[in-house]
>>> print(open('data19.csv').read())   # CSV, N, CA and C atoms
chain,number,residue,atom,x,y,z
B,1,MET,N,52.7,-8.7,10.9
B,1,MET,CA,52.0,-9.5,9.8
B,1,MET,C,52.7,-10.8,9.7
B,2,SER,N,51.9,-11.9,9.6
B,2,SER,CA,52.4,-13.3,9.4
B,2,SER,C,52.5,-13.6,7.9
B,3,ARG,N,53.6,-14.4,7.6
B,3,ARG,CA,53.9,-14.7,6.2
B,3,ARG,C,54.1,-16.2,6.0
B,4,PRO,N,53.8,-16.7,4.8
B,4,PRO,CA,54.1,-18.1,4.5
B,4,PRO,C,55.6,-18.4,4.7
B,5,VAL,N,55.9,-19.5,5.3
B,5,VAL,CA,57.3,-19.9,5.5
B,5,VAL,C,57.6,-21.3,5.0
B,6,HIS,N,56.6,-22.1,4.6
B,6,HIS,CA,56.8,-23.5,4.3
B,6,HIS,C,55.6,-24.0,3.5
B,7,PHE,N,55.9,-24.9,2.6
B,7,PHE,CA,54.8,-25.6,2.0
B,7,PHE,C,55.0,-27.1,2.1
B,8,GLU,N,53.9,-27.9,2.0
B,8,GLU,CA,54.0,-29.3,2.1
B,8,GLU,C,53.2,-29.9,0.9
B,9,ILE,N,53.9,-30.9,0.3
B,9,ILE,CA,53.2,-31.6,-0.8
B,9,ILE,C,53.0,-33.1,-0.4
B,10,PRO,N,51.8,-33.6,-0.4
B,10,PRO,CA,51.6,-35.0,-0.1
B,10,PRO,C,51.8,-35.8,-1.3
B,11,ALA,N,52.3,-37.0,-1.2
B,11,ALA,CA,52.5,-37.9,-2.4
B,11,ALA,C,52.2,-39.3,-2.1
B,12,ASP,N,51.5,-40.0,-3.1
B,12,ASP,CA,51.3,-41.4,-2.9
B,12,ASP,C,52.6,-42.2,-3.2
B,13,ASN,N,53.4,-41.7,-4.1
B,13,ASN,CA,54.7,-42.3,-4.4
B,13,ASN,C,55.8,-41.3,-4.3
B,14,VAL,N,56.5,-41.2,-3.1
B,14,VAL,CA,57.4,-40.1,-2.9
B,14,VAL,C,58.6,-40.1,-3.9
B,15,ASP,N,59.1,-41.3,-4.3
B,15,ASP,CA,60.2,-41.4,-5.3
B,15,ASP,C,59.7,-40.7,-6.6
B,16,ARG,N,58.5,-41.1,-7.0
B,16,ARG,CA,58.0,-40.5,-8.3
B,16,ARG,C,57.8,-39.0,-8.2
B,17,ALA,N,57.3,-38.5,-7.0
B,17,ALA,CA,57.1,-37.1,-6.8
B,17,ALA,C,58.4,-36.4,-6.8
B,18,GLN,N,59.4,-36.9,-6.1
B,18,GLN,CA,60.7,-36.3,-6.0
B,18,GLN,C,61.3,-36.2,-7.4
B,19,SER,N,61.2,-37.2,-8.2
B,19,SER,CA,61.8,-37.2,-9.6
B,19,SER,C,61.1,-36.1,-10.4
B,20,PHE,N,59.7,-36.0,-10.3
B,20,PHE,CA,59.0,-35.0,-11.0
B,20,PHE,C,59.5,-33.6,-10.7
B,21,TYR,N,59.5,-33.3,-9.4
B,21,TYR,CA,59.9,-31.9,-9.0
B,21,TYR,C,61.4,-31.6,-9.3
B,22,LYS,N,62.2,-32.6,-9.2
B,22,LYS,CA,63.7,-32.4,-9.6
B,22,LYS,C,63.8,-32.1,-11.1
B,23,ASN,N,63.1,-32.9,-11.9
B,23,ASN,CA,63.1,-32.7,-13.4
B,23,ASN,C,62.5,-31.4,-13.8
B,24,VAL,N,61.4,-31.1,-13.2
B,24,VAL,CA,60.6,-29.9,-13.7
B,24,VAL,C,61.3,-28.6,-13.2
B,25,PHE,N,61.6,-28.5,-11.9
B,25,PHE,CA,62.1,-27.3,-11.3
B,25,PHE,C,63.5,-27.3,-10.7
B,26,GLY,N,64.1,-28.5,-10.7
B,26,GLY,CA,65.5,-28.6,-10.2
B,26,GLY,C,65.6,-28.6,-8.7
B,27,TRP,N,64.5,-28.9,-8.0
B,27,TRP,CA,64.4,-28.9,-6.6
B,27,TRP,C,65.3,-30.0,-6.0
B,28,GLN,N,65.8,-29.8,-4.8
B,28,GLN,CA,66.7,-30.8,-4.1
B,28,GLN,C,65.9,-31.3,-2.9
B,29,PHE,N,66.1,-32.6,-2.6
B,29,PHE,CA,65.4,-33.2,-1.5
B,29,PHE,C,66.4,-33.8,-0.5
B,30,GLN,N,66.1,-33.6,0.8
B,30,GLN,CA,66.9,-34.2,1.8
B,30,GLN,C,66.0,-34.9,2.8
B,31,LYS,N,66.3,-36.1,3.1
B,31,LYS,CA,65.5,-36.9,4.1
B,31,LYS,C,65.7,-36.1,5.5
B,32,TRP,N,64.5,-35.9,6.1
B,32,TRP,CA,64.5,-35.2,7.4
B,32,TRP,C,64.8,-36.2,8.5
B,33,ASP,N,65.7,-35.8,9.4
B,33,ASP,CA,66.0,-36.7,10.5
B,33,ASP,C,65.1,-36.4,11.7
B,34,GLY,N,63.8,-36.7,11.5
B,34,GLY,CA,62.8,-36.5,12.5
B,34,GLY,C,62.0,-37.7,12.8
B,35,PRO,N,61.0,-37.5,13.6
B,35,PRO,CA,60.2,-38.7,14.0
B,35,PRO,C,59.2,-39.3,13.0
B,36,MET,N,59.2,-38.7,11.8
B,36,MET,CA,58.3,-39.2,10.7
B,36,MET,C,59.0,-39.2,9.4
B,37,GLU,N,58.5,-40.0,8.4
B,37,GLU,CA,59.1,-40.1,7.1
B,37,GLU,C,58.7,-38.8,6.3
B,38,TYR,N,59.8,-38.0,6.1
B,38,TYR,CA,59.5,-36.6,5.5
B,38,TYR,C,60.8,-36.2,4.8
B,39,TRP,N,60.7,-35.5,3.7
B,39,TRP,CA,61.8,-35.0,3.0
B,39,TRP,C,61.7,-33.4,2.9
B,40,MET,N,62.8,-32.7,3.3
B,40,MET,CA,62.8,-31.3,3.1
B,40,MET,C,63.1,-31.0,1.7
B,41,ILE,N,62.5,-29.9,1.2
B,41,ILE,CA,62.6,-29.5,-0.2
B,41,ILE,C,63.4,-28.2,-0.2
B,42,VAL,N,64.5,-28.1,-1.0
B,42,VAL,CA,65.2,-26.8,-1.2
B,42,VAL,C,64.9,-26.4,-2.6
B,43,THR,N,64.2,-25.2,-2.7
B,43,THR,CA,63.7,-24.7,-4.0
B,43,THR,C,64.7,-23.7,-4.6
B,44,GLY,N,65.7,-23.2,-3.8
B,44,GLY,CA,66.6,-22.3,-4.3
B,44,GLY,C,67.6,-21.8,-3.2
B,45,PRO,N,68.6,-21.0,-3.6
B,45,PRO,CA,69.5,-20.6,-2.6
B,45,PRO,C,68.9,-19.6,-1.6
B,46,ASP,N,69.5,-19.7,-0.4
B,46,ASP,CA,69.1,-18.7,0.7
B,46,ASP,C,69.3,-17.3,0.2
B,47,GLY,N,68.5,-16.4,0.6
B,47,GLY,CA,68.7,-15.0,0.2
B,47,GLY,C,68.0,-14.6,-1.1
B,48,THR,N,67.3,-15.6,-1.7
B,48,THR,CA,66.6,-15.3,-3.0
B,48,THR,C,65.1,-15.4,-2.6
B,49,PRO,N,64.2,-14.8,-3.4
B,49,PRO,CA,62.8,-14.8,-3.1
B,49,PRO,C,62.3,-16.3,-3.2
B,50,GLY,N,61.3,-16.6,-2.4
B,50,GLY,CA,60.7,-17.9,-2.4
B,50,GLY,C,60.9,-18.6,-1.0
B,51,ILE,N,60.2,-19.7,-0.9
B,51,ILE,CA,60.2,-20.5,0.4
B,51,ILE,C,60.6,-21.9,0.0
B,52,ASN,N,61.1,-22.6,1.0
B,52,ASN,CA,61.3,-24.1,0.9
B,52,ASN,C,60.1,-24.8,1.4
B,53,GLY,N,60.2,-26.1,1.3
B,53,GLY,CA,59.0,-26.9,1.7
B,53,GLY,C,59.4,-28.3,2.1
B,54,GLY,N,58.4,-29.2,2.1
B,54,GLY,CA,58.6,-30.6,2.5
B,54,GLY,C,57.6,-31.5,1.7
B,55,LEU,N,58.0,-32.8,1.7
B,55,LEU,CA,57.3,-33.8,1.0
B,55,LEU,C,57.1,-35.0,1.9
B,56,GLY,N,55.9,-35.4,2.0
B,56,GLY,CA,55.6,-36.6,2.8
B,56,GLY,C,54.6,-37.5,2.2
B,57,ARG,N,54.4,-38.7,2.7
B,57,ARG,CA,53.5,-39.7,2.2
B,57,ARG,C,52.1,-39.2,2.5
B,58,ARG,N,51.2,-39.3,1.5
B,58,ARG,CA,49.8,-38.9,1.6
B,58,ARG,C,49.2,-39.8,2.7
B,59,ARG,N,48.5,-39.2,3.6
B,59,ARG,CA,47.9,-39.9,4.7
B,59,ARG,C,46.4,-40.2,4.5
B,60,MET,N,45.8,-39.5,3.6
B,60,MET,CA,44.4,-39.8,3.2
B,60,MET,C,44.1,-39.3,1.8
B,61,PRO,N,43.2,-39.9,1.1
B,61,PRO,CA,43.1,-39.6,-0.4
B,61,PRO,C,42.8,-38.2,-0.7
B,62,GLU,N,42.1,-37.5,0.2
B,62,GLU,CA,41.7,-36.1,-0.1
B,62,GLU,C,42.8,-35.0,0.4
B,63,GLU,N,43.9,-35.5,0.9
B,63,GLU,CA,44.9,-34.6,1.4
B,63,GLU,C,45.5,-33.7,0.2
B,64,LYS,N,45.6,-32.5,0.5
B,64,LYS,CA,46.1,-31.5,-0.5
B,64,LYS,C,47.3,-30.8,-0.1
B,65,PRO,N,48.0,-30.1,-1.0
B,65,PRO,CA,49.2,-29.3,-0.6
B,65,PRO,C,48.8,-28.3,0.4
B,66,VAL,N,49.7,-27.9,1.3
B,66,VAL,CA,49.4,-27.0,2.4
B,66,VAL,C,50.5,-25.9,2.5
B,67,ASN,N,50.1,-24.7,2.7
B,67,ASN,CA,51.1,-23.6,3.0
B,67,ASN,C,51.0,-23.4,4.5
B,68,THR,N,52.2,-23.2,5.1
B,68,THR,CA,52.3,-23.0,6.5
B,68,THR,C,52.7,-21.5,6.8
B,69,ILE,N,52.0,-20.9,7.7
B,69,ILE,CA,52.2,-19.5,8.0
B,69,ILE,C,52.9,-19.4,9.4
B,70,ARG,N,54.0,-18.6,9.5
B,70,ARG,CA,54.7,-18.4,10.8
B,70,ARG,C,53.9,-17.4,11.6
B,71,VAL,N,53.6,-17.8,12.8
B,71,VAL,CA,52.8,-16.9,13.8
B,71,VAL,C,53.6,-16.8,15.1
B,72,LYS,N,53.3,-15.8,15.8
B,72,LYS,CA,53.9,-15.6,17.2
B,72,LYS,C,53.4,-16.6,18.1
B,73,SER,N,52.1,-17.0,18.0
B,73,SER,CA,51.5,-17.9,19.0
B,73,SER,C,50.5,-18.8,18.2
B,74,VAL,N,50.7,-20.1,18.3
B,74,VAL,CA,49.8,-21.0,17.7
B,74,VAL,C,48.4,-21.0,18.4
B,75,ASP,N,48.5,-20.8,19.7
B,75,ASP,CA,47.2,-20.7,20.5
B,75,ASP,C,46.4,-19.5,20.0
B,76,SER,N,47.0,-18.4,19.9
B,76,SER,CA,46.3,-17.2,19.5
B,76,SER,C,45.8,-17.3,18.0
B,77,ALA,N,46.6,-17.9,17.2
B,77,ALA,CA,46.2,-18.1,15.8
B,77,ALA,C,45.0,-19.0,15.7
B,78,ILE,N,45.0,-20.1,16.5
B,78,ILE,CA,43.9,-21.0,16.5
B,78,ILE,C,42.6,-20.3,16.9
B,79,ALA,N,42.8,-19.5,18.0
B,79,ALA,CA,41.6,-18.7,18.5
B,79,ALA,C,41.1,-17.8,17.4
B,80,SER,N,42.0,-17.1,16.6
B,80,SER,CA,41.6,-16.2,15.6
B,80,SER,C,40.9,-17.0,14.4
B,81,VAL,N,41.4,-18.2,14.1
B,81,VAL,CA,40.8,-19.0,13.0
B,81,VAL,C,39.4,-19.3,13.4
B,82,THR,N,39.2,-19.8,14.6
B,82,THR,CA,37.8,-20.2,14.9
B,82,THR,C,36.9,-19.0,15.0
B,83,LYS,N,37.4,-17.9,15.5
B,83,LYS,CA,36.6,-16.7,15.7
B,83,LYS,C,36.1,-16.2,14.3
B,84,ALA,N,37.0,-16.3,13.3
B,84,ALA,CA,36.7,-15.9,11.9
B,84,ALA,C,35.9,-16.8,11.1
B,85,GLY,N,35.6,-18.0,11.7
B,85,GLY,CA,34.7,-18.9,11.0
B,85,GLY,C,35.5,-20.1,10.4
B,86,GLY,N,36.8,-20.2,10.6
B,86,GLY,CA,37.5,-21.4,10.1
B,86,GLY,C,37.5,-22.5,11.1
B,87,ILE,N,38.1,-23.6,10.8
B,87,ILE,CA,38.1,-24.8,11.7
B,87,ILE,C,39.5,-25.3,11.9
B,88,VAL,N,39.8,-25.8,13.0
B,88,VAL,CA,41.1,-26.5,13.3
B,88,VAL,C,40.9,-27.9,12.9
B,89,THR,N,41.8,-28.4,12.0
B,89,THR,CA,41.7,-29.7,11.5
B,89,THR,C,42.6,-30.7,12.2
B,90,VAL,N,43.8,-30.2,12.6
B,90,VAL,CA,44.7,-31.0,13.4
B,90,VAL,C,45.2,-30.1,14.6
B,91,PRO,N,44.9,-30.5,15.8
B,91,PRO,CA,45.3,-29.6,17.0
B,91,PRO,C,46.8,-29.4,17.1
B,92,LYS,N,47.1,-28.4,17.9
B,92,LYS,CA,48.5,-28.0,18.2
B,92,LYS,C,49.3,-29.3,18.6
B,93,MET,N,50.5,-29.4,17.9
B,93,MET,CA,51.4,-30.5,18.2
B,93,MET,C,52.9,-30.0,18.2
B,94,ALA,N,53.7,-30.6,18.9
B,94,ALA,CA,55.1,-30.3,18.9
B,94,ALA,C,55.8,-30.9,17.7
B,95,ILE,N,56.7,-30.1,17.0
B,95,ILE,CA,57.6,-30.7,16.1
B,95,ILE,C,59.0,-30.5,16.8
B,96,PRO,N,59.5,-31.6,17.4
B,96,PRO,CA,60.7,-31.5,18.2
B,96,PRO,C,61.9,-30.7,17.6
B,97,GLY,N,62.4,-29.8,18.4
B,97,GLY,CA,63.5,-28.9,17.9
B,97,GLY,C,63.1,-27.9,16.9
B,98,VAL,N,61.9,-27.8,16.5
B,98,VAL,CA,61.4,-26.8,15.5
B,98,VAL,C,60.4,-25.8,16.1
B,99,GLY,N,59.3,-26.4,16.6
B,99,GLY,CA,58.3,-25.5,17.2
B,99,GLY,C,56.9,-26.2,17.3
B,100,TRP,N,55.9,-25.4,17.3
B,100,TRP,CA,54.5,-25.8,17.5
B,100,TRP,C,53.8,-25.7,16.2
B,101,LEU,N,53.0,-26.6,15.8
B,101,LEU,CA,52.3,-26.6,14.6
B,101,LEU,C,50.8,-27.1,14.8
B,102,ALA,N,49.9,-26.4,14.1
B,102,ALA,CA,48.5,-26.9,14.0
B,102,ALA,C,48.1,-26.7,12.5
B,103,TYR,N,47.1,-27.4,12.1
B,103,TYR,CA,46.5,-27.3,10.8
B,103,TYR,C,45.1,-26.8,10.9
B,104,ALA,N,44.6,-26.0,9.9
B,104,ALA,CA,43.3,-25.5,9.9
B,104,ALA,C,42.8,-25.4,8.5
B,105,ALA,N,41.5,-25.0,8.4
B,105,ALA,CA,40.9,-24.7,7.1
B,105,ALA,C,40.2,-23.4,7.2
B,106,ASP,N,40.3,-22.6,6.1
B,106,ASP,CA,39.6,-21.3,6.1
B,106,ASP,C,38.1,-21.5,5.8
B,107,THR,N,37.4,-20.4,5.7
B,107,THR,CA,35.9,-20.5,5.4
B,107,THR,C,35.6,-21.1,4.1
B,108,GLU,N,36.5,-21.3,3.2
B,108,GLU,CA,36.3,-21.9,1.9
B,108,GLU,C,36.8,-23.3,1.8
B,109,GLY,N,37.3,-23.8,3.0
B,109,GLY,CA,37.7,-25.2,3.0
B,109,GLY,C,39.2,-25.4,2.7
B,110,ASN,N,39.9,-24.3,2.4
B,110,ASN,CA,41.3,-24.4,2.0
B,110,ASN,C,42.2,-24.7,3.2
B,111,PRO,N,43.1,-25.7,3.2
B,111,PRO,CA,43.9,-26.1,4.3
B,111,PRO,C,45.1,-25.2,4.4
B,112,PHE,N,45.6,-25.0,5.7
B,112,PHE,CA,46.8,-24.2,5.9
B,112,PHE,C,47.4,-24.6,7.3
B,113,GLY,N,48.6,-24.4,7.5
B,113,GLY,CA,49.2,-24.7,8.8
B,113,GLY,C,49.6,-23.3,9.5
B,114,VAL,N,49.7,-23.4,10.8
B,114,VAL,CA,50.3,-22.2,11.5
B,114,VAL,C,51.4,-22.8,12.4
B,115,MET,N,52.6,-22.1,12.4
B,115,MET,CA,53.8,-22.6,13.0
B,115,MET,C,54.4,-21.5,13.9
B,116,GLU,N,54.6,-21.9,15.2
B,116,GLU,CA,55.3,-21.1,16.1
B,116,GLU,C,56.7,-21.6,16.4
B,117,ASP,N,57.7,-20.8,16.2
B,117,ASP,CA,59.1,-21.2,16.4
B,117,ASP,C,59.3,-21.5,17.9
B,118,ASP,N,59.9,-22.6,18.2
B,118,ASP,CA,60.3,-22.9,19.6
B,118,ASP,C,61.2,-24.2,19.5
B,119,VAL,N,62.5,-23.9,19.6
B,119,VAL,CA,63.5,-25.0,19.5
B,119,VAL,C,63.3,-26.0,20.7
B,120,ASN,N,62.6,-25.6,21.8
B,120,ASN,CA,62.4,-26.5,23.0
B,120,ASN,C,61.2,-27.3,22.9
B,121,ALA,N,60.4,-27.2,21.8
B,121,ALA,CA,59.2,-27.9,21.7
B,121,ALA,C,59.4,-29.4,21.7
B,122,LYS,N,58.6,-30.1,22.5
B,122,LYS,CA,58.8,-31.6,22.6
B,122,LYS,C,57.4,-32.2,22.6
>>> encode(input="data19.csv", output="structure tokens")
Amino acid sequence: MSRPVHFEIPADNVDRAQSFYKNVFGWQFQKWDGPMEYWMIVTGPDGTPGINGGLGRRRMPEEKPVNTIRVKSVDSAIASVTKAGGIVTVPKMAIPGVGWLAYAADTEGNPFGVMEDDVNAK
């Protein structure tokens, strides 16, 4: 069974969004050392219920928060999504040193990501 492992929040003003979530929930933000402007969100200590996430600049006005599901194979997940009536909105791409990621939408138009762990992804 595949489970949510990450969430993403798009923001028009990342400083304002970080301040909001710090003040409301006490979340911590760390700039990601990756190829894009992105902040990792720590929502609580390891070993406690919940997941961590990320914050990035909104790329388009209709962009919404996204939950990412860990899967064994992004290719298989994409095939299952389309067979079940969903659509792939962003094709499979490498997140260097992390894994493979694709974005999709379910039959109701809700966005989600699928992530395959692979430290050798380039």
>>> select_by_dssp(input="data19.csv", residues="chain B", states="strand (DSSP E or B)", output="PyMOL selection string")
chain B and resi 4-11+28-31+38-42+53-57+66-70+87-95+99-105+111-117
>>> closest_residue(input="data19.csv", among="B:Pro10, B:Glu116, B:Gly44, B:Ala84", to="Val98 in chain B", atoms="only N, CA and C atoms")
B:Glu116
>>> atom_distance(input="data19.csv", atom1="atom C of Ile9 in chain B", atom2="atom C of Asn52 in chain B")
11.1 Å
>>> select_by_dssp(input="data19.csv", residues="chain B", states="helix (DSSP H, G or I)", output="list in words")
Val14, Asp15, Arg16, Ala17, Gln18, Ser19, Phe20, Tyr21, Lys22, Asn23, Val24, Phe25, Val74, Asp75, Ser76, Ala77, Ile78, Ala79, Ser80, Val81, Thr82 and Lys83 of chain B
>>> closest_residue(input="data19.csv", among="B:Ile95, B:Met1, B:Met115, B:Ala11", to="Val71 in chain B", atoms="all atoms listed in the file")
B:Met115
>>> atom_distance(input="data19.csv", atom1="CA of Thr89 in chain B", atom2="atom C of Val14 in chain B")
25.1 Å
>>> closest_residue(input="data19.csv", among="B:Asn120, B:Asn13, B:Ser80, B:Thr43", to="Arg57 in chain B", atoms="only N, CA and C atoms")
B:Asn13
>>> closest_residue(input="data19.csv", among="B:His6, B:Lys122, B:Lys83, B:Lys72", to="Gly54 in chain B", atoms="only N, CA and C atoms")
B:His6
>>> residues_around(input="data19.csv", residues="Tyr103 in chain B", least_positions_apart="2", cutoff="6.5 Å", atoms="all atoms listed in the file", output="PDB file with N, CA and C atoms, keeping the file's coordinate frame")
ATOM      1  N   ILE B  87      38.100 -23.600  10.800  1.00  0.00           N
ATOM      2  CA  ILE B  87      38.100 -24.800  11.700  1.00  0.00           C
ATOM      3  C   ILE B  87      39.500 -25.300  11.900  1.00  0.00           C
ATOM      4  N   VAL B  88      39.800 -25.800  13.000  1.00  0.00           N
ATOM      5  CA  VAL B  88      41.100 -26.500  13.300  1.00  0.00           C
ATOM      6  C   VAL B  88      40.900 -27.900  12.900  1.00  0.00           C
ATOM      7  N   THR B  89      41.800 -28.400  12.000  1.00  0.00           N
ATOM      8  CA  THR B  89      41.700 -29.700  11.500  1.00  0.00           C
ATOM      9  C   THR B  89      42.600 -30.700  12.200  1.00  0.00           C
ATOM     10  N   VAL B  90      43.800 -30.200  12.600  1.00  0.00           N
ATOM     11  CA  VAL B  90      44.700 -31.000  13.400  1.00  0.00           C
ATOM     12  C   VAL B  90      45.200 -30.100  14.600  1.00  0.00           C
ATOM     13  N   PRO B  91      44.900 -30.500  15.800  1.00  0.00           N
ATOM     14  CA  PRO B  91      45.300 -29.600  17.000  1.00  0.00           C
ATOM     15  C   PRO B  91      46.800 -29.400  17.100  1.00  0.00           C
ATOM     16  N   LYS B  92      47.100 -28.400  17.900  1.00  0.00           N
ATOM     17  CA  LYS B  92      48.500 -28.000  18.200  1.00  0.00           C
ATOM     18  C   LYS B  92      49.300 -29.300  18.600  1.00  0.00           C
ATOM     19  N   LEU B 101      53.000 -26.600  15.800  1.00  0.00           N
ATOM     20  CA  LEU B 101      52.300 -26.600  14.600  1.00  0.00           C
ATOM     21  C   LEU B 101      50.800 -27.100  14.800  1.00  0.00           C
ATOM     22  N   ALA B 105      41.500 -25.000   8.400  1.00  0.00           N
ATOM     23  CA  ALA B 105      40.900 -24.700   7.100  1.00  0.00           C
ATOM     24  C   ALA B 105      40.200 -23.400   7.200  1.00  0.00           C
ATOM     25  N   PHE B 112      45.600 -25.000   5.700  1.00  0.00           N
ATOM     26  CA  PHE B 112      46.800 -24.200   5.900  1.00  0.00           C
ATOM     27  C   PHE B 112      47.400 -24.600   7.300  1.00  0.00           C
ATOM     28  N   GLY B 113      48.600 -24.400   7.500  1.00  0.00           N
ATOM     29  CA  GLY B 113      49.200 -24.700   8.800  1.00  0.00           C
ATOM     30  C   GLY B 113      49.600 -23.300   9.500  1.00  0.00           C
ATOM     31  N   VAL B 114      49.700 -23.400  10.800  1.00  0.00           N
ATOM     32  CA  VAL B 114      50.300 -22.200  11.500  1.00  0.00           C
ATOM     33  C   VAL B 114      51.400 -22.800  12.400  1.00  0.00           C
TER      34      VAL B 114
END
>>> closest_residue(input="data19.csv", among="B:Ser2, B:Ala104, B:Phe7, B:Tyr38", to="Gly53 in chain B", atoms="all atoms listed in the file")
B:Phe7
>>> closest_residue(input="data19.csv", among="B:Asp117, B:Gly86, B:Gly56, B:Asp75", to="Met36 in chain B", atoms="only N, CA and C atoms")
B:Gly56
>>> decode(input="data19.csv", residues="range 58-82 of chain B", atoms="N, CA and C atoms", output="PDB file, in the first residue's frame")
ATOM      1  N   ARG B  58       4.749  29.984  -6.195  1.00  0.00           N
ATOM      2  CA  ARG B  58       3.625  29.592  -7.048  1.00  0.00           C
ATOM      3  C   ARG B  58       4.023  29.825  -8.508  1.00  0.00           C
ATOM      4  N   ARG B  59       3.841  28.801  -9.345  1.00  0.00           N
ATOM      5  CA  ARG B  59       4.220  28.890 -10.754  1.00  0.00           C
ATOM      6  C   ARG B  59       3.083  29.342 -11.648  1.00  0.00           C
ATOM      7  N   MET B  60       1.845  29.141 -11.204  1.00  0.00           N
ATOM      8  CA  MET B  60       0.679  29.572 -11.978  1.00  0.00           C
ATOM      9  C   MET B  60      -0.440  29.896 -11.003  1.00  0.00           C
ATOM     10  N   PRO B  61      -1.328  30.822 -11.348  1.00  0.00           N
ATOM     11  CA  PRO B  61      -2.355  31.285 -10.401  1.00  0.00           C
ATOM     12  C   PRO B  61      -3.233  30.182  -9.821  1.00  0.00           C
ATOM     13  N   GLU B  62      -3.524  29.151 -10.592  1.00  0.00           N
ATOM     14  CA  GLU B  62      -4.430  28.094 -10.108  1.00  0.00           C
ATOM     15  C   GLU B  62      -3.721  26.976  -9.341  1.00  0.00           C
ATOM     16  N   GLU B  63      -2.412  27.097  -9.142  1.00  0.00           N
ATOM     17  CA  GLU B  63      -1.662  26.044  -8.440  1.00  0.00           C
ATOM     18  C   GLU B  63      -2.161  25.886  -7.011  1.00  0.00           C
ATOM     19  N   LYS B  64      -2.368  24.649  -6.595  1.00  0.00           N
ATOM     20  CA  LYS B  64      -2.902  24.324  -5.268  1.00  0.00           C
ATOM     21  C   LYS B  64      -1.912  23.459  -4.485  1.00  0.00           C
ATOM     22  N   PRO B  65      -2.105  23.342  -3.161  1.00  0.00           N
ATOM     23  CA  PRO B  65      -1.267  22.417  -2.386  1.00  0.00           C
ATOM     24  C   PRO B  65      -1.385  20.995  -2.938  1.00  0.00           C
ATOM     25  N   VAL B  66      -0.309  20.242  -2.805  1.00  0.00           N
ATOM     26  CA  VAL B  66      -0.226  18.896  -3.374  1.00  0.00           C
ATOM     27  C   VAL B  66       0.320  17.924  -2.325  1.00  0.00           C
ATOM     28  N   ASN B  67      -0.309  16.758  -2.221  1.00  0.00           N
ATOM     29  CA  ASN B  67       0.238  15.663  -1.417  1.00  0.00           C
ATOM     30  C   ASN B  67       0.974  14.716  -2.348  1.00  0.00           C
ATOM     31  N   THR B  68       2.121  14.232  -1.897  1.00  0.00           N
ATOM     32  CA  THR B  68       2.910  13.296  -2.694  1.00  0.00           C
ATOM     33  C   THR B  68       2.873  11.924  -2.039  1.00  0.00           C
ATOM     34  N   ILE B  69       2.653  10.914  -2.857  1.00  0.00           N
ATOM     35  CA  ILE B  69       2.533   9.533  -2.409  1.00  0.00           C
ATOM     36  C   ILE B  69       3.787   8.774  -2.827  1.00  0.00           C
ATOM     37  N   ARG B  70       4.407   8.047  -1.900  1.00  0.00           N
ATOM     38  CA  ARG B  70       5.568   7.207  -2.242  1.00  0.00           C
ATOM     39  C   ARG B  70       5.065   5.949  -2.922  1.00  0.00           C
ATOM     40  N   VAL B  71       5.677   5.629  -4.067  1.00  0.00           N
ATOM     41  CA  VAL B  71       5.321   4.436  -4.837  1.00  0.00           C
ATOM     42  C   VAL B  71       6.596   3.659  -5.154  1.00  0.00           C
ATOM     43  N   LYS B  72       6.442   2.386  -5.491  1.00  0.00           N
ATOM     44  CA  LYS B  72       7.599   1.574  -5.874  1.00  0.00           C
ATOM     45  C   LYS B  72       8.106   1.974  -7.250  1.00  0.00           C
ATOM     46  N   SER B  73       7.188   2.369  -8.143  1.00  0.00           N
ATOM     47  CA  SER B  73       7.549   2.713  -9.511  1.00  0.00           C
ATOM     48  C   SER B  73       6.673   3.856 -10.013  1.00  0.00           C
ATOM     49  N   VAL B  74       7.302   4.976 -10.377  1.00  0.00           N
ATOM     50  CA  VAL B  74       6.543   6.088 -10.952  1.00  0.00           C
ATOM     51  C   VAL B  74       5.898   5.653 -12.268  1.00  0.00           C
ATOM     52  N   ASP B  75       6.630   4.897 -13.076  1.00  0.00           N
ATOM     53  CA  ASP B  75       6.071   4.440 -14.356  1.00  0.00           C
ATOM     54  C   ASP B  75       4.802   3.616 -14.151  1.00  0.00           C
ATOM     55  N   SER B  76       4.813   2.693 -13.208  1.00  0.00           N
ATOM     56  CA  SER B  76       3.623   1.875 -12.923  1.00  0.00           C
ATOM     57  C   SER B  76       2.493   2.728 -12.365  1.00  0.00           C
ATOM     58  N   ALA B  77       2.835   3.680 -11.494  1.00  0.00           N
ATOM     59  CA  ALA B  77       1.810   4.551 -10.916  1.00  0.00           C
ATOM     60  C   ALA B  77       1.140   5.399 -11.990  1.00  0.00           C
ATOM     61  N   ILE B  78       1.939   5.941 -12.914  1.00  0.00           N
ATOM     62  CA  ILE B  78       1.387   6.736 -14.012  1.00  0.00           C
ATOM     63  C   ILE B  78       0.444   5.891 -14.861  1.00  0.00           C
ATOM     64  N   ALA B  79       0.844   4.656 -15.134  1.00  0.00           N
ATOM     65  CA  ALA B  79      -0.016   3.758 -15.909  1.00  0.00           C
ATOM     66  C   ALA B  79      -1.332   3.503 -15.171  1.00  0.00           C
ATOM     67  N   SER B  80      -1.261   3.300 -13.857  1.00  0.00           N
ATOM     68  CA  SER B  80      -2.476   3.065 -13.062  1.00  0.00           C
ATOM     69  C   SER B  80      -3.370   4.298 -13.040  1.00  0.00           C
ATOM     70  N   VAL B  81      -2.755   5.481 -12.937  1.00  0.00           N
ATOM     71  CA  VAL B  81      -3.520   6.731 -12.921  1.00  0.00           C
ATOM     72  C   VAL B  81      -4.325   6.865 -14.197  1.00  0.00           C
ATOM     73  N   THR B  82      -3.681   6.703 -15.335  1.00  0.00           N
ATOM     74  CA  THR B  82      -4.380   6.890 -16.613  1.00  0.00           C
ATOM     75  C   THR B  82      -5.430   5.800 -16.847  1.00  0.00           C
TER      76      THR B  82
END
